[in-house]
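Beneath this line is the structure, given in structure tokens, with notes to follow.
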Amino acid sequence: MPTESVTSTAVISAAVMAHPRRAAEAARLAASLPAWGTRVVVDPSPEAGPGALRTARAAWAAVAPGATHHVVLQDDVVPCREFAAQVAHAVRELPDTPLALYANWNSWNGAATRAAALQGASWVPAVPGEWTPSLALVLPRADVDALLTAVPPDVTGPDPDDTVLARELGRRGRRVLIPVPHWVEHADGTSLVGNDVYGPRHSACFADDTAAGPDPAGPVAAAPDVLVHLFKGRVQLVLAADTGTPRRSSREGYLRAAGLEGRSPGRPARAVEALRAPSTLLGALCEEIWYAAYLMALHTPAGRAPGAGDDRIRLCLRSLVLGGTADRADLRLWALHRVGPLMGLAEDGLRAGFEDREAYGRPAPLPPEQLAALPDAALIWSHPLTLEER
């Protein structure tokens, strides 16, 4: 359980940041959260083109004078059941902690969410080196004031709000926590800032899709040193480094470097063959999905297994499959059609990883000199590995 507590009463205010084209959706969302005096804050200069940062800055400036915490929601989110009560509970438990209530299913923070679900944790620290998820964010008053000081009211420039949040919170050493499962979902619809290139953008694990729902008083997961990121159908490992800049490796390169080649001989091939993928490319995708789940299990602390009564695990495997193929239509449509068998494939990889971890132990971290020789993990976004490069 989180150790931070507060005896004084938290006072929450809220704003929905909106583009004029989504004014109706924003008004409905604000009306659903009356206890916080939720305001709709519309882009002050929509004629200037996409500008999430200027709208976000205005939304943060809408903090109520006496508020101890301020919530900013984007206009295309769907809150979970009992959302306001969950947030109120969370700020009582974690009064001095920024809280990001969603992570995209094909982001590093989505990968961290899945690792935390395997640990049975209710919170996971946001991953350094990635943007701060900003679809639904709760900031203590001091963070709001610092942000408003750092970002001028007439802000211009190309930086998105999530990148600026990561920079400013990181500069002050602030740790952001993400709930597991997430408390908002991203609604379907066209992006107004060009994010459709990433395909559907959904939660890594949404609370309303689980039986138990959120648990704000649950434990915080350890910050993972190895993240398994399935992106464009290809496994890439995001590895924490002493320099603070995470590194990346293909799964083949990581298996070699970590001395993991030869484990579970023949098992992935048999599991993939059973799916009878209709092309070599889709067969390669199946192999990547199996290894993604295998490596997730191999790096998760002991005590969890698939089918252990926690539907969050199956939801996380579903988001691994669908999020990991979201931005490639040629893979996404087949993965959606075959999501059940592909989740079964991932469960087999997860079991194999748990078994190998039990037999051999958790892999040792790569030596600093090996990590230093690997490329910057940020290249995942600008120069991703693809299945065709295998």
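Residue numbering restarts at 1 in every chain; chains get A, B, ... in the order shown in the structure tokens, and ligands count up from 1 in that same order.
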Would you give me, as a ChimeraX atom specification, the residues in region 170-372 of chain A that DSSP reads as helix (DSSP H, G or I)? /A:170-171,195-198,207-209,251-257,267-275,280-298,311-323,329-337,339-360,368-372
Wanna dump the region 66-141 of chain A-region 147-151 of chain A contacts at 12 Å for me, each residue with its shortest atom pair and the distance in Å to one decimal, counting only C-alpha atoms, ordered by chain and number, as JSON lines?
```
{"residue": "A:Leu139", "atom": "CA", "partner": "A:Leu147", "partner_atom": "CA", "distance": 9.9}
{"residue": "A:Pro140", "atom": "CA", "partner": "A:Leu147", "partner_atom": "CA", "distance": 10.9}
{"residue": "A:Arg141", "atom": "CA", "partner": "A:Leu147", "partner_atom": "CA", "distance": 9.8}
```
Quick one: residues within 7 Å of Arg248 (chain A), only C-alpha atoms, excluding same-chain residues fewer than 4 positions away - as a list in words?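 My reading of the contact set: Gln236, Leu237, Val238, Leu239, Leu374, Pro375, Asp376 and Ala377 of chain A.
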Expected answer as an NGL selection string: strand (DSSP E) residues in region 66-211 of chain A: :A and (69-74 or 77-79 or 99-100 or 123-125 or 136-140 or 177-179 or 184-186)
Separation of CA of Gly324 (chain A) and CA of Ser134 (chain A), in Å?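 Computing it gives 20.7 Å between the two atoms.
Comparing the minimum interatomic distances between Arg54 (chain A) and each of A:Pro20, A:Pro153, A:Gly37, A:Pro219, counting only C-alpha atoms, we find that A:Pro153 sits nearest.
When the distance limit is 9 Å and only C-alpha atoms are what count, the residues near Pro301 (chain A), minus those fewer than 4 positions from it on the same chain, are Leu118, Gln119, Ala297 and Arg362 of chain A.
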So that I can check the surroundings of Leu33 (chain A), please list as number ranges by chain every protein, DNA and RNA residue that reaches within 9 Å of it, counting only C-alpha atoms and ignoring chain neighbours fewer than 5 positions away. A: 14, 38, 83-84
Within 7 Å of region 165-181 of chain A, counting only C-alpha atoms, which residues show up once you throw out same-chain ones fewer than 3 positions away? Write them as a PyMOL selection string, please. chain A and resi 97-102+113+117+121-126+131-132+147+161-162+205-207+214
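Distance annotation: of A:Lys232, A:Arg270, A:Arg351, A:Arg312, the residue with the minimal separation from Arg332 (chain A) is A:Lys232; atom set is only C-alpha atoms.
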For Leu371 (chain A), which of A:Phe231, A:Trp183, A:Trp36, A:Tyr254 is the closest residue, counting only C-alpha atoms?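 Checking each of A:Phe231, A:Trp183, A:Trp36, A:Tyr254 against Leu371 (chain A), counting only C-alpha atoms, the winner is A:Tyr254.
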Extract, using only C-alpha atoms, all DNA, RNA and protein residues at most 12 Å from Ala257 (chain A), discarding same-chain residues fewer than 6 positions from it, and format them as a ChimeraX atom specification. /A:237,249-251,363-367,369-371,373-374
Among the residues A:Leu282, A:Ala136, A:Ala31, A:Ala58, the one that comes closest to Pro79 (chain A) [using only C-alpha atoms]: A:Ala136
What separation in Å, quoted to one decimal, exists between CA of Ala258 (chain A) and CA of Leu315 (chain A)? 28.6 Å
Counting only C-alpha atoms, which residue out of A:Asp215, A:Glu273, A:Asp76, A:Asp225 sits closest to Trp290 (chain A)? A:Glu273
Of the listed residues A:Val16, A:Ala10, A:Ala326, A:Ala292, that which approaches Gly66 (chain A) most closely, counting only C-alpha atoms: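 So, comparing all the options, the nearest one is A:Ala10.
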Taking only residues of region 115-216 of chain A that have an atom at most 12 Å from an atom of region 39-45 of chain A, what is each one's shortest atom pair and its distance in Å to one decimal, using only C-alpha atoms, in chain and number order, as CSV?
```
residue,atom,partner,partner_atom,distance
A:Pro153,CA,A:Pro44,CA,10.3
A:Asp154,CA,A:Pro44,CA,9.7
A:Val155,CA,A:Ser45,CA,10.8
A:Thr156,CA,A:Ser45,CA,10.6
A:Leu192,CA,A:Asp43,CA,11.8
```
What does the distance from CA of His89 (chain A) to CA of His70 (chain A) come to in Å, to one decimal?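 Answer for the CA of His89 (chain A) to CA of His70 (chain A) separation: 14.2 Å.
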